[in-house]
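Engineer: Sharing a structure below in structure tokens format, with a few things to ask.
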Amino acid sequence: MSENKLKMSSSPHIRSKVTSSKIMLYVTIALLPASAFGVWNFGVSALVMLICTTASAVLTEYIYEKLMHKKITINDYSAVVTGLLLGLNMPASAPWWMGVIGGVFAILIVKQLFGGLGQNFMNPALGARCFLLISFTSQMTTFIHDGVSGPTPLAQLKSGEMVDSMSMLIGQIPGTIGETSVIAIIIGAIFLILMGIIDLRIPGTYIVTFVIFIGIFGQFANPEVGFFDPQYITAHLCGGGLMLGAWFMATDYVTSPITKKGQLVYGALLGILTGLFRLFGGSAEGVSYAIIISNLLVPLIEKATLPKPFGKGGEK
């Protein structure tokens with residue numbers, strides 16, 4: 001009988017009820033608090049941007065796979081996650097067509113042309129965001145809150161001005177759609193931890209390393225800041241895309257190390273690079289570039305941290 005035939009397959013012989021579609025669905029659900037707050041904070045323009053980035057990402061994946069006669073994979077929600085993350089990294093004041101361009105770039109250039117889900121060498125949403133930052137710098141760095149255009153709290157910090165940390169924690173500040181409310185982001189992160197989708201290894205190492213770096217070197221970038229100044233560190237933690245990046249993009253399965261030691265090295269590298277870019281770089285933010293550079297170094301990190309096999313050439 002055919003049902004009694006042995007099935008031959010290569011190792012590892014691991015079976016799990018957790019599927020890619022279920023993981024991506026959980027990530028989508030976890031992003032809803034930040035998305036809802038972004039729409040409430042910035043209005044209809046934020047909702048339009050989120051719809052444009054998500055729809056363009058899903059549609060691009062469908063059309064490409066249809067034209068290439070590949071299996072349609074939009075049901076795994078990975079394109080939805082990419083589009084939603086891109087939208088959350090966009091300013092609400094940016095024109096809708098820019099979000100569409102970003103969605104197409106993320107799926108077509110960063111993801112599909114390298115083989116699709118599991119083959120991309122960097123986070124597609126961040127790759128698209130950096131592409132848009134380079135191509136449309138003015139629109140991507142203009143932030144409007146309550147009808148007034150102004151600098152973000154991070155830009156104020158970089159220029160030596162004081163900021164309101166409580167407003168940054170709540171999210172009533174200018175910035176991208178999804179990065180403003182730390183509370184909404186943490187709610188989503190807790191959901192992912194409870195569902196077993198992510199753990200604290202990468203985001204925890206990232207945030208702790210960043211705090212240590214800012215605490216030590218913050219006074220060199222800003223002479224008025226003391227050694228491990230609590231208010232200065234809190235403002236950096238609550239400002240920009242640090243929390244969104246640490247919990248939702250640095251933990252991307254495809255572009256982060258699989259080894260436990262590698263994840264610690266990866267998180268530490270993220271914290272150092274983000275601190276360097278923020279304190280000594282030309283821009284007030286640095287999370288996107290820190291994650292992309294670290295993505296590119298993942299193969300080297302994994303090669304250096306893979307456990308040695310027992311036996312010849314390995315540990316005895």
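FYI, nothing fancy with the structure tokens labels: chains A, B, ... in order, residues from 1 per chain, ligands from 1 as they appear.
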Please build the interface table for segment 204-226 of chain A against segment 238-261 of chain A with a cut-off of 12 Å, listing for each qualifying residue the nearest atom pair and the distance in Å to one decimal; count only C-alpha atoms, order rows by chain and increasing number, and write it as CSV.

Structural biologist:
residue,atom,partner,partner_atom,distance
A:Gly204,CA,A:Ala246,CA,8.2
A:Thr205,CA,A:Ala246,CA,9.4
A:Tyr206,CA,A:Ala246,CA,6.8
A:Ile207,CA,A:Ala246,CA,7.4
A:Val208,CA,A:Ala246,CA,11.0
A:Thr209,CA,A:Ala246,CA,11.7
A:Phe210,CA,A:Leu242,CA,9.4
A:Val211,CA,A:Leu242,CA,11.2

Engineer: Applying 8 Å and only C-alpha atoms, which residues near Ala304 of chain A remain after dropping the ones on its own chain fewer than 3 positions away? List them as a PyMOL selection string.

Structural biologist: chain A and resi 262+300-301

Engineer: Would you please give, as a compact mmCIF listing (two decimals) with N, CA, C and O atoms, in the first residue's frame, all residues of segment 101-298 of chain A that DSSP assigns to alpha helix (DSSP H) based on the backbone?

Structural biologist:
# COMPACT_ATOMS: atom_id res chain seq x y z
N ILE A 101 5.88 52.60 -4.00
CA ILE A 101 7.23 52.33 -4.52
C ILE A 101 8.03 51.50 -3.51
O ILE A 101 8.72 50.55 -3.86
N GLY A 102 7.92 51.87 -2.25
CA GLY A 102 8.63 51.14 -1.21
C GLY A 102 8.16 49.69 -1.10
O GLY A 102 8.98 48.77 -0.94
N GLY A 103 6.85 49.46 -1.20
CA GLY A 103 6.31 48.11 -1.13
C GLY A 103 6.80 47.25 -2.29
O GLY A 103 7.15 46.07 -2.11
N VAL A 104 6.83 47.82 -3.48
CA VAL A 104 7.32 47.10 -4.66
C VAL A 104 8.80 46.78 -4.50
O VAL A 104 9.25 45.65 -4.77
N PRO A 124 13.45 43.05 4.29
CA PRO A 124 12.88 43.74 3.13
C PRO A 124 12.30 45.12 3.46
O PRO A 124 12.48 46.07 2.69
N ALA A 125 11.61 45.23 4.59
CA ALA A 125 10.99 46.51 4.95
C ALA A 125 12.05 47.58 5.20
O ALA A 125 11.92 48.72 4.74
N LEU A 126 13.12 47.21 5.89
CA LEU A 126 14.18 48.18 6.17
C LEU A 126 14.99 48.49 4.91
O LEU A 126 15.46 49.62 4.74
N GLY A 127 15.17 47.48 4.06
CA GLY A 127 15.84 47.73 2.79
C GLY A 127 15.10 48.76 1.97
O GLY A 127 15.70 49.68 1.38
N ALA A 128 13.76 48.63 1.95
CA ALA A 128 12.93 49.59 1.21
C ALA A 128 12.96 50.96 1.86
O ALA A 128 13.00 51.99 1.17
N ARG A 129 12.95 50.99 3.19
CA ARG A 129 12.98 52.28 3.88
C ARG A 129 14.27 53.03 3.59
O ARG A 129 14.26 54.24 3.32
N CYS A 130 15.39 52.33 3.62
CA CYS A 130 16.67 52.98 3.33
C CYS A 130 16.73 53.45 1.87
O CYS A 130 17.29 54.51 1.57
N PHE A 131 16.14 52.65 0.98
CA PHE A 131 16.06 53.06 -0.43
C PHE A 131 15.26 54.35 -0.57
O PHE A 131 15.67 55.28 -1.30
N LEU A 132 14.15 54.44 0.14
CA LEU A 132 13.33 55.66 0.08
C LEU A 132 14.04 56.84 0.75
O LEU A 132 13.91 57.98 0.30
N LEU A 133 14.78 56.57 1.84
CA LEU A 133 15.53 57.64 2.50
C LEU A 133 16.56 58.25 1.57
O LEU A 133 16.77 59.48 1.55
N ILE A 134 17.22 57.40 0.79
CA ILE A 134 18.24 57.89 -0.14
C ILE A 134 17.60 58.60 -1.33
O ILE A 134 18.09 59.63 -1.80
N SER A 135 16.47 58.06 -1.80
CA SER A 135 15.83 58.59 -3.01
C SER A 135 14.97 59.81 -2.75
O SER A 135 14.89 60.72 -3.59
N THR A 137 14.85 61.98 0.31
CA THR A 137 15.31 62.36 1.65
C THR A 137 14.39 63.39 2.30
O THR A 137 14.05 63.27 3.48
N SER A 138 14.00 64.39 1.55
CA SER A 138 13.20 65.47 2.12
C SER A 138 11.85 64.96 2.65
O SER A 138 11.48 65.24 3.79
N GLN A 139 11.14 64.20 1.82
CA GLN A 139 9.83 63.70 2.24
C GLN A 139 9.93 62.68 3.37
O GLN A 139 9.06 62.61 4.23
N MET A 140 11.01 61.91 3.39
CA MET A 140 11.17 60.87 4.41
C MET A 140 11.65 61.42 5.75
O MET A 140 11.61 60.72 6.77
N PRO A 153 12.06 64.30 18.55
CA PRO A 153 12.79 64.43 19.82
C PRO A 153 14.26 64.04 19.69
O PRO A 153 15.12 64.63 20.35
N LEU A 154 14.56 63.03 18.85
CA LEU A 154 15.96 62.64 18.67
C LEU A 154 16.77 63.76 18.04
O LEU A 154 17.94 63.97 18.39
N ALA A 155 16.17 64.45 17.07
CA ALA A 155 16.85 65.58 16.45
C ALA A 155 17.09 66.70 17.47
O ALA A 155 18.14 67.35 17.45
N GLN A 156 16.12 66.89 18.36
CA GLN A 156 16.30 67.89 19.41
C GLN A 156 17.42 67.49 20.37
O GLN A 156 18.22 68.32 20.80
N LEU A 157 17.47 66.20 20.71
CA LEU A 157 18.53 65.70 21.58
C LEU A 157 19.90 65.94 20.95
O LEU A 157 20.85 66.35 21.62
N LYS A 158 19.98 65.65 19.66
CA LYS A 158 21.27 65.78 18.96
C LYS A 158 21.74 67.23 18.91
O LYS A 158 22.95 67.50 18.92
N SER A 165 10.38 63.24 28.12
CA SER A 165 10.43 61.78 28.04
C SER A 165 9.07 61.14 28.18
O SER A 165 8.79 60.10 27.58
N MET A 166 8.19 61.74 28.99
CA MET A 166 6.86 61.16 29.18
C MET A 166 6.05 61.22 27.89
O MET A 166 5.36 60.25 27.54
N SER A 167 6.12 62.32 27.17
CA SER A 167 5.43 62.42 25.88
C SER A 167 6.00 61.41 24.89
O SER A 167 5.26 60.83 24.09
N MET A 168 7.29 61.15 24.97
CA MET A 168 7.92 60.16 24.10
C MET A 168 7.45 58.76 24.45
O MET A 168 7.24 57.91 23.58
N LEU A 169 7.27 58.49 25.74
CA LEU A 169 6.80 57.17 26.16
C LEU A 169 5.38 56.91 25.68
O LEU A 169 5.06 55.83 25.18
N ILE A 170 4.53 57.92 25.82
CA ILE A 170 3.13 57.78 25.40
C ILE A 170 3.02 57.76 23.88
O ILE A 170 2.23 57.00 23.32
N VAL A 182 5.96 53.75 22.62
CA VAL A 182 6.69 52.62 23.18
C VAL A 182 5.73 51.64 23.83
O VAL A 182 5.91 50.41 23.75
N ILE A 183 4.68 52.15 24.45
CA ILE A 183 3.71 51.29 25.12
C ILE A 183 3.04 50.35 24.13
O ILE A 183 2.91 49.15 24.37
N ALA A 184 2.60 50.87 22.99
CA ALA A 184 1.94 50.04 21.98
C ALA A 184 2.89 48.99 21.43
O ALA A 184 2.50 47.83 21.19
N ILE A 185 4.16 49.36 21.25
CA ILE A 185 5.15 48.41 20.74
C ILE A 185 5.40 47.30 21.75
O ILE A 185 5.48 46.12 21.40
N ILE A 186 5.52 47.66 23.02
CA ILE A 186 5.77 46.68 24.08
C ILE A 186 4.60 45.71 24.21
O ILE A 186 4.78 44.51 24.46
N ILE A 187 3.37 46.19 24.04
CA ILE A 187 2.19 45.31 24.08
C ILE A 187 2.32 44.23 23.01
O ILE A 187 2.09 43.04 23.26
N GLY A 188 2.68 44.64 21.80
CA GLY A 188 2.88 43.67 20.72
C GLY A 188 4.03 42.73 20.99
O GLY A 188 3.94 41.53 20.71
N ALA A 189 5.11 43.24 21.57
CA ALA A 189 6.27 42.40 21.87
C ALA A 189 5.93 41.35 22.93
O ALA A 189 6.35 40.19 22.82
N ILE A 190 5.18 41.74 23.94
CA ILE A 190 4.76 40.79 24.98
C ILE A 190 3.92 39.67 24.37
O ILE A 190 4.07 38.49 24.72
N PHE A 191 3.06 40.03 23.44
CA PHE A 191 2.23 39.02 22.76
C PHE A 191 3.13 38.01 22.03
O PHE A 191 2.90 36.79 22.12
N LEU A 192 4.13 38.48 21.32
CA LEU A 192 5.03 37.58 20.59
C LEU A 192 5.82 36.69 21.54
O LEU A 192 6.05 35.51 21.24
N ILE A 193 6.24 37.23 22.68
CA ILE A 193 6.97 36.43 23.66
C ILE A 193 6.07 35.35 24.24
O ILE A 193 6.47 34.18 24.37
N LEU A 194 4.83 35.70 24.58
CA LEU A 194 3.89 34.73 25.14
C LEU A 194 3.54 33.64 24.13
O LEU A 194 3.31 32.49 24.51
N ARG A 201 16.64 37.16 23.82
CA ARG A 201 18.08 37.13 23.57
C ARG A 201 18.54 38.29 22.67
O ARG A 201 19.43 39.04 23.05
N ILE A 202 17.94 38.43 21.50
CA ILE A 202 18.38 39.50 20.58
C ILE A 202 17.93 40.88 21.05
O ILE A 202 18.77 41.78 21.21
N PRO A 203 16.63 41.11 21.28
CA PRO A 203 16.23 42.46 21.70
C PRO A 203 16.81 42.87 23.04
O PRO A 203 17.16 44.04 23.24
N GLY A 204 16.92 41.91 23.97
CA GLY A 204 17.48 42.23 25.28
C GLY A 204 18.93 42.66 25.18
O GLY A 204 19.34 43.67 25.77
N THR A 205 19.73 41.88 24.43
CA THR A 205 21.14 42.23 24.24
C THR A 205 21.28 43.55 23.51
O THR A 205 22.15 44.37 23.84
N TYR A 206 20.45 43.75 22.50
CA TYR A 206 20.45 45.00 21.73
C TYR A 206 20.23 46.20 22.65
O TYR A 206 21.03 47.16 22.67
N ILE A 207 19.17 46.16 23.43
CA ILE A 207 18.80 47.31 24.27
C ILE A 207 19.82 47.54 25.38
O ILE A 207 20.21 48.69 25.64
N VAL A 208 20.27 46.47 26.03
CA VAL A 208 21.25 46.61 27.11
C VAL A 208 22.56 47.19 26.58
O VAL A 208 23.15 48.10 27.19
N THR A 209 23.04 46.66 25.45
CA THR A 209 24.28 47.18 24.86
C THR A 209 24.14 48.65 24.48
O THR A 209 25.04 49.46 24.69
N PHE A 210 22.99 48.98 23.91
CA PHE A 210 22.74 50.37 23.52
C PHE A 210 22.75 51.29 24.74
O PHE A 210 23.33 52.38 24.69
N VAL A 211 22.11 50.87 25.82
CA VAL A 211 22.07 51.67 27.05
C VAL A 211 23.48 51.89 27.59
O VAL A 211 23.85 53.01 27.99
N ILE A 212 24.29 50.84 27.61
CA ILE A 212 25.67 50.96 28.09
C ILE A 212 26.46 51.93 27.21
O ILE A 212 27.20 52.79 27.71
N PHE A 213 26.31 51.80 25.90
CA PHE A 213 27.04 52.67 24.97
C PHE A 213 26.63 54.13 25.15
O PHE A 213 27.49 55.02 25.24
N ILE A 214 25.32 54.38 25.20
CA ILE A 214 24.82 55.75 25.36
C ILE A 214 25.24 56.31 26.72
O ILE A 214 25.61 57.49 26.84
N GLY A 215 25.19 55.46 27.74
CA GLY A 215 25.56 55.92 29.08
C GLY A 215 27.01 56.34 29.18
O GLY A 215 27.36 57.31 29.86
N ILE A 216 27.89 55.62 28.48
CA ILE A 216 29.32 55.91 28.54
C ILE A 216 29.71 57.06 27.61
O ILE A 216 30.43 57.99 28.01
N PHE A 217 29.22 57.01 26.38
CA PHE A 217 29.70 57.95 25.35
C PHE A 217 28.77 59.13 25.11
O PHE A 217 29.10 60.01 24.30
N GLY A 218 27.62 59.16 25.77
CA GLY A 218 26.69 60.28 25.58
C GLY A 218 27.29 61.62 25.94
O GLY A 218 27.03 62.64 25.30
N GLN A 219 28.15 61.63 26.96
CA GLN A 219 28.76 62.88 27.41
C GLN A 219 29.78 63.42 26.41
O GLN A 219 30.06 64.62 26.37
N PHE A 220 30.33 62.52 25.57
CA PHE A 220 31.27 62.98 24.55
C PHE A 220 30.54 63.64 23.38
O PHE A 220 31.06 64.57 22.75
N ALA A 221 29.34 63.16 23.09
CA ALA A 221 28.54 63.76 22.02
C ALA A 221 27.84 65.03 22.48
O ALA A 221 27.62 65.95 21.69
N PRO A 230 20.17 59.36 33.43
CA PRO A 230 18.92 58.60 33.27
C PRO A 230 17.95 59.23 32.27
O PRO A 230 17.33 58.53 31.46
N GLN A 231 17.80 60.55 32.35
CA GLN A 231 16.86 61.22 31.46
C GLN A 231 17.30 61.12 30.00
O GLN A 231 16.50 60.89 29.10
N TYR A 232 18.60 61.25 29.78
CA TYR A 232 19.15 61.18 28.42
C TYR A 232 18.99 59.77 27.85
O TYR A 232 18.59 59.59 26.69
N ILE A 233 19.27 58.76 28.66
CA ILE A 233 19.15 57.37 28.22
C ILE A 233 17.68 57.03 27.94
O ILE A 233 17.36 56.39 26.93
N THR A 234 16.78 57.45 28.83
CA THR A 234 15.34 57.19 28.64
C THR A 234 14.84 57.81 27.35
O THR A 234 14.07 57.19 26.61
N ALA A 235 15.27 59.04 27.07
CA ALA A 235 14.85 59.72 25.85
C ALA A 235 15.32 58.96 24.61
O ALA A 235 14.58 58.80 23.64
N HIS A 236 16.53 58.44 24.64
CA HIS A 236 17.05 57.68 23.51
C HIS A 236 16.31 56.34 23.35
O HIS A 236 16.08 55.89 22.22
N LEU A 237 15.94 55.73 24.45
CA LEU A 237 15.20 54.47 24.38
C LEU A 237 13.80 54.66 23.80
O LEU A 237 13.31 53.83 23.04
N CYS A 238 13.17 55.76 24.18
CA CYS A 238 11.79 56.01 23.75
C CYS A 238 11.71 56.69 22.39
O CYS A 238 10.64 56.73 21.78
N LEU A 242 14.10 52.58 17.75
CA LEU A 242 14.83 51.58 18.52
C LEU A 242 13.94 50.43 18.96
O LEU A 242 14.24 49.26 18.73
N MET A 243 12.83 50.74 19.62
CA MET A 243 11.96 49.70 20.16
C MET A 243 11.30 48.89 19.04
O MET A 243 11.23 47.66 19.10
N LEU A 244 10.81 49.58 18.03
CA LEU A 244 10.20 48.88 16.89
C LEU A 244 11.22 47.98 16.20
O LEU A 244 10.93 46.83 15.86
N LYS A 260 22.77 30.50 19.43
CA LYS A 260 22.51 31.30 20.62
C LYS A 260 23.62 32.31 20.87
O LYS A 260 23.35 33.48 21.18
N LYS A 261 24.87 31.87 20.75
CA LYS A 261 25.98 32.80 20.91
C LYS A 261 25.96 33.86 19.82
O LYS A 261 26.24 35.04 20.06
N GLY A 262 25.60 33.45 18.61
CA GLY A 262 25.53 34.38 17.50
C GLY A 262 24.48 35.45 17.72
O GLY A 262 24.66 36.62 17.35
N GLN A 263 23.37 35.08 18.34
CA GLN A 263 22.31 36.04 18.62
C GLN A 263 22.77 37.09 19.63
O GLN A 263 22.40 38.26 19.53
N LEU A 264 23.58 36.66 20.58
CA LEU A 264 24.12 37.61 21.56
C LEU A 264 25.09 38.57 20.89
O LEU A 264 25.07 39.78 21.15
N VAL A 265 25.96 38.04 20.03
CA VAL A 265 26.91 38.88 19.29
C VAL A 265 26.14 39.85 18.38
O VAL A 265 26.47 41.04 18.29
N TYR A 266 25.13 39.33 17.72
CA TYR A 266 24.29 40.13 16.82
C TYR A 266 23.63 41.28 17.57
O TYR A 266 23.64 42.43 17.12
N GLY A 267 23.04 40.98 18.72
CA GLY A 267 22.38 42.01 19.52
C GLY A 267 23.36 43.07 20.00
O GLY A 267 23.06 44.27 19.98
N ALA A 268 24.56 42.63 20.43
CA ALA A 268 25.57 43.58 20.88
C ALA A 268 26.04 44.48 19.74
O ALA A 268 26.23 45.68 19.90
N LEU A 269 26.20 43.88 18.56
CA LEU A 269 26.61 44.66 17.39
C LEU A 269 25.56 45.71 17.04
O LEU A 269 25.89 46.86 16.72
N LEU A 270 24.30 45.32 17.11
CA LEU A 270 23.20 46.26 16.85
C LEU A 270 23.24 47.45 17.81
O LEU A 270 23.06 48.60 17.41
N GLY A 271 23.45 47.16 19.09
CA GLY A 271 23.49 48.22 20.08
C GLY A 271 24.64 49.18 19.87
O GLY A 271 24.47 50.41 19.97
N ILE A 272 25.81 48.65 19.53
CA ILE A 272 26.99 49.50 19.30
C ILE A 272 26.81 50.36 18.05
O ILE A 272 27.08 51.57 18.07
N LEU A 273 26.35 49.74 16.96
CA LEU A 273 26.16 50.49 15.72
C LEU A 273 25.11 51.58 15.87
O LEU A 273 25.29 52.71 15.40
N THR A 274 23.99 51.25 16.53
CA THR A 274 22.94 52.25 16.73
C THR A 274 23.46 53.42 17.56
O THR A 274 23.19 54.59 17.25
N GLY A 275 24.22 53.11 18.61
CA GLY A 275 24.80 54.17 19.43
C GLY A 275 25.77 55.03 18.64
O GLY A 275 25.77 56.26 18.75
N LEU A 276 26.62 54.39 17.83
CA LEU A 276 27.57 55.14 17.01
C LEU A 276 26.87 56.08 16.04
O LEU A 276 27.22 57.26 15.91
N PHE A 277 25.86 55.56 15.34
CA PHE A 277 25.15 56.37 14.36
C PHE A 277 24.42 57.53 15.03
O PHE A 277 24.42 58.66 14.50
N ARG A 278 23.80 57.27 16.16
CA ARG A 278 23.02 58.32 16.81
C ARG A 278 23.90 59.41 17.42
O ARG A 278 23.59 60.59 17.31
N LEU A 279 24.99 59.02 18.08
CA LEU A 279 25.81 60.00 18.78
C LEU A 279 26.79 60.71 17.86
O LEU A 279 27.01 61.92 18.00
N PHE A 280 27.39 59.97 16.94
CA PHE A 280 28.48 60.54 16.16
C PHE A 280 28.20 60.61 14.66
O PHE A 280 29.04 61.10 13.90
N VAL A 287 18.88 53.25 13.53
CA VAL A 287 18.41 51.88 13.72
C VAL A 287 18.36 51.11 12.41
O VAL A 287 18.83 49.97 12.32
N SER A 288 17.80 51.71 11.37
CA SER A 288 17.64 51.02 10.09
C SER A 288 18.98 50.57 9.52
O SER A 288 19.16 49.41 9.13
N TYR A 289 19.95 51.48 9.50
CA TYR A 289 21.26 51.14 8.95
C TYR A 289 22.00 50.15 9.85
O TYR A 289 22.74 49.29 9.35
N ALA A 290 21.81 50.25 11.15
CA ALA A 290 22.45 49.31 12.07
C ALA A 290 21.95 47.89 11.82
O ALA A 290 22.74 46.94 11.79
N ILE A 291 20.64 47.74 11.63
CA ILE A 291 20.08 46.41 11.41
C ILE A 291 20.51 45.85 10.06
O ILE A 291 20.86 44.67 9.95
N ILE A 292 20.51 46.68 9.03
CA ILE A 292 20.89 46.20 7.69
C ILE A 292 22.36 45.78 7.67
O ILE A 292 22.71 44.73 7.13
N ILE A 293 23.25 46.59 8.26
CA ILE A 293 24.66 46.22 8.30
C ILE A 293 24.86 44.92 9.08
O ILE A 293 25.62 44.04 8.67
N SER A 294 24.14 44.79 10.18
CA SER A 294 24.24 43.56 10.98
C SER A 294 23.67 42.37 10.21
O SER A 294 24.19 41.25 10.34
N ASN A 295 22.61 42.58 9.43
CA ASN A 295 22.08 41.51 8.57
C ASN A 295 23.15 40.98 7.64
O ASN A 295 23.29 39.77 7.44
N LEU A 296 23.93 41.88 7.06
CA LEU A 296 24.97 41.49 6.12
C LEU A 296 26.09 40.69 6.80
O LEU A 296 26.78 39.91 6.15
N LEU A 297 26.26 40.91 8.10
CA LEU A 297 27.32 40.23 8.83
C LEU A 297 26.87 38.92 9.47
O LEU A 297 27.69 38.22 10.07
N VAL A 298 25.59 38.59 9.35
CA VAL A 298 25.06 37.37 9.97
C VAL A 298 25.80 36.11 9.52
O VAL A 298 26.12 35.25 10.35

Engineer: Would you list the contacts of segment 32-38 of chain A as a count of residues only, taking every protein, DNA or RNA residue within 6 Å and counting only C-alpha atoms, but skipping same-chain residues closer than 3 positions in sequence?

Structural biologist: 7

Engineer: As an exercise, work out the distance from atom CA of Ala55 of chain A to atom CA of Val80 of chain A in Å and give it to one decimal place.

Structural biologist: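 That distance, rounded to one decimal, is 7.8 Å.
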
Engineer: Would you return as a PyMOL selection string the members of segment 71-310 of chain A that DSSP assigns to strand (DSSP E or B) on this structure's backbone?

Structural biologist: chain A and resi 144-145+148-149+310

Engineer: Kindly save the residues from that selection, with N, CA, C and O atoms included, as a PDB file, in the first residue's frame.

Structural biologist:
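The file below, selection-v1.pdb, is the result:
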ATOM      1  N   ILE A 144       5.148  65.661  10.591  1.00  0.00           N
ATOM      2  CA  ILE A 144       4.092  66.591  10.986  1.00  0.00           C
ATOM      3  C   ILE A 144       3.274  65.959  12.099  1.00  0.00           C
ATOM      4  O   ILE A 144       2.819  64.814  11.987  1.00  0.00           O
ATOM      5  N   HIS A 145       3.089  66.709  13.189  1.00  0.00           N
ATOM      6  CA  HIS A 145       2.278  66.231  14.317  1.00  0.00           C
ATOM      7  C   HIS A 145       1.349  67.345  14.755  1.00  0.00           C
ATOM      8  O   HIS A 145       1.788  68.469  14.996  1.00  0.00           O
ATOM      9  N   VAL A 148       1.538  70.524  12.690  1.00  0.00           N
ATOM     10  CA  VAL A 148       2.738  71.357  12.748  1.00  0.00           C
ATOM     11  C   VAL A 148       3.944  70.517  12.369  1.00  0.00           C
ATOM     12  O   VAL A 148       4.156  69.420  12.893  1.00  0.00           O
ATOM     13  N   SER A 149       4.748  71.032  11.458  1.00  0.00           N
ATOM     14  CA  SER A 149       5.978  70.358  11.065  1.00  0.00           C
ATOM     15  C   SER A 149       7.100  70.753  12.014  1.00  0.00           C
ATOM     16  O   SER A 149       7.284  71.925  12.325  1.00  0.00           O
ATOM     17  N   PHE A 310      31.721  17.002  17.677  1.00  0.00           N
ATOM     18  CA  PHE A 310      32.594  16.047  18.359  1.00  0.00           C
ATOM     19  C   PHE A 310      33.304  15.174  17.323  1.00  0.00           C
ATOM     20  O   PHE A 310      32.785  14.903  16.253  1.00  0.00           O
TER      21      PHE A 310
END

Engineer: If you count only C-alpha atoms, which residues fall within 6 Å of Ala92 of chain A, apart from same-chain ones fewer than 2 positions away, as a PyMOL selection string?

Structural biologist: chain A and resi 45-46+94+177

Engineer: I'd like the neighbourhood of Val81 of chain A as a ChimeraX atom specification, where a residue qualifies if any of its atoms comes within 12 Å (using only C-alpha atoms), though same-chain residues fewer than 4 positions away should be ignored.

Structural biologist: /A:20-32,35,50-51,53-58,74-77,85-88,103,106-107,117,123-126,248-249,252

Engineer: Write a file of the selected residues as a PDB file, in the first residue's frame, keeping C-alpha atoms.

Structural biologist:
ATOM      1  CA  SER A  20       5.513  30.202   8.627  1.00  0.00           C
ATOM      2  CA  SER A  21       1.973  31.457   8.030  1.00  0.00           C
ATOM      3  CA  LYS A  22       1.100  31.125  11.732  1.00  0.00           C
ATOM      4  CA  ILE A  23       4.269  32.969  12.759  1.00  0.00           C
ATOM      5  CA  MET A  24       3.589  35.788  10.302  1.00  0.00           C
ATOM      6  CA  LEU A  25      -0.040  35.982  11.396  1.00  0.00           C
ATOM      7  CA  TYR A  26       1.070  36.397  15.018  1.00  0.00           C
ATOM      8  CA  VAL A  27       3.523  39.126  13.988  1.00  0.00           C
ATOM      9  CA  THR A  28       0.732  40.905  12.098  1.00  0.00           C
ATOM     10  CA  ILE A  29      -1.500  40.766  15.175  1.00  0.00           C
ATOM     11  CA  ALA A  30       1.363  42.034  17.358  1.00  0.00           C
ATOM     12  CA  LEU A  31       1.802  45.044  15.066  1.00  0.00           C
ATOM     13  CA  LEU A  32      -1.833  46.079  15.341  1.00  0.00           C
ATOM     14  CA  SER A  35      -0.663  50.555  13.839  1.00  0.00           C
ATOM     15  CA  LEU A  50      -0.397  51.583   5.842  1.00  0.00           C
ATOM     16  CA  ILE A  51      -2.948  50.384   3.284  1.00  0.00           C
ATOM     17  CA  THR A  53       2.440  49.798   1.611  1.00  0.00           C
ATOM     18  CA  THR A  54       0.682  46.570   2.604  1.00  0.00           C
ATOM     19  CA  ALA A  55      -1.437  46.309  -0.549  1.00  0.00           C
ATOM     20  CA  SER A  56       1.504  47.057  -2.865  1.00  0.00           C
ATOM     21  CA  ALA A  57       3.665  44.451  -1.100  1.00  0.00           C
ATOM     22  CA  VAL A  58       1.028  41.715  -1.345  1.00  0.00           C
ATOM     23  CA  ILE A  74       0.656  35.481  -0.269  1.00  0.00           C
ATOM     24  CA  ASN A  75      -1.302  33.253   2.133  1.00  0.00           C
ATOM     25  CA  ASP A  76       1.758  32.954   4.383  1.00  0.00           C
ATOM     26  CA  TYR A  77       1.299  36.612   5.467  1.00  0.00           C
ATOM     27  CA  LEU A  85       6.441  47.154   8.830  1.00  0.00           C
ATOM     28  CA  LEU A  86       7.359  49.429   5.942  1.00  0.00           C
ATOM     29  CA  GLY A  87       4.250  51.524   6.542  1.00  0.00           C
ATOM     30  CA  LEU A  88       5.052  51.816  10.240  1.00  0.00           C
ATOM     31  CA  GLY A 103       6.313  48.109  -1.133  1.00  0.00           C
ATOM     32  CA  ALA A 106      10.812  45.530  -0.660  1.00  0.00           C
ATOM     33  CA  ILE A 107       9.151  42.511  -2.262  1.00  0.00           C
ATOM     34  CA  LEU A 117      10.954  34.018   1.803  1.00  0.00           C
ATOM     35  CA  ASN A 123      15.067  42.767   6.137  1.00  0.00           C
ATOM     36  CA  PRO A 124      12.880  43.744   3.135  1.00  0.00           C
ATOM     37  CA  ALA A 125      10.992  46.509   4.950  1.00  0.00           C
ATOM     38  CA  LEU A 126      14.180  48.180   6.170  1.00  0.00           C
ATOM     39  CA  PHE A 248      10.037  43.395  15.334  1.00  0.00           C
ATOM     40  CA  MET A 249      12.878  43.685  12.805  1.00  0.00           C
ATOM     41  CA  ASP A 252      13.448  38.458  11.877  1.00  0.00           C
TER      42      ASP A 252
END

Engineer: Could you please determine the separation between atom CA of Phe136 of chain A and atom CA of Pro95 of chain A in Å, to one decimal place?

Structural biologist: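 Atom CA of Pro95 of chain A lies 10.7 Å from atom CA of Phe136 of chain A.
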
Engineer: Atom CA of Asn120 of chain A and atom CA of Gly83 of chain A are how many Å apart?

Structural biologist: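 Computing the Euclidean distance for atom CA of Asn120 of chain A and atom CA of Gly83 of chain A yields 15.2 Å.
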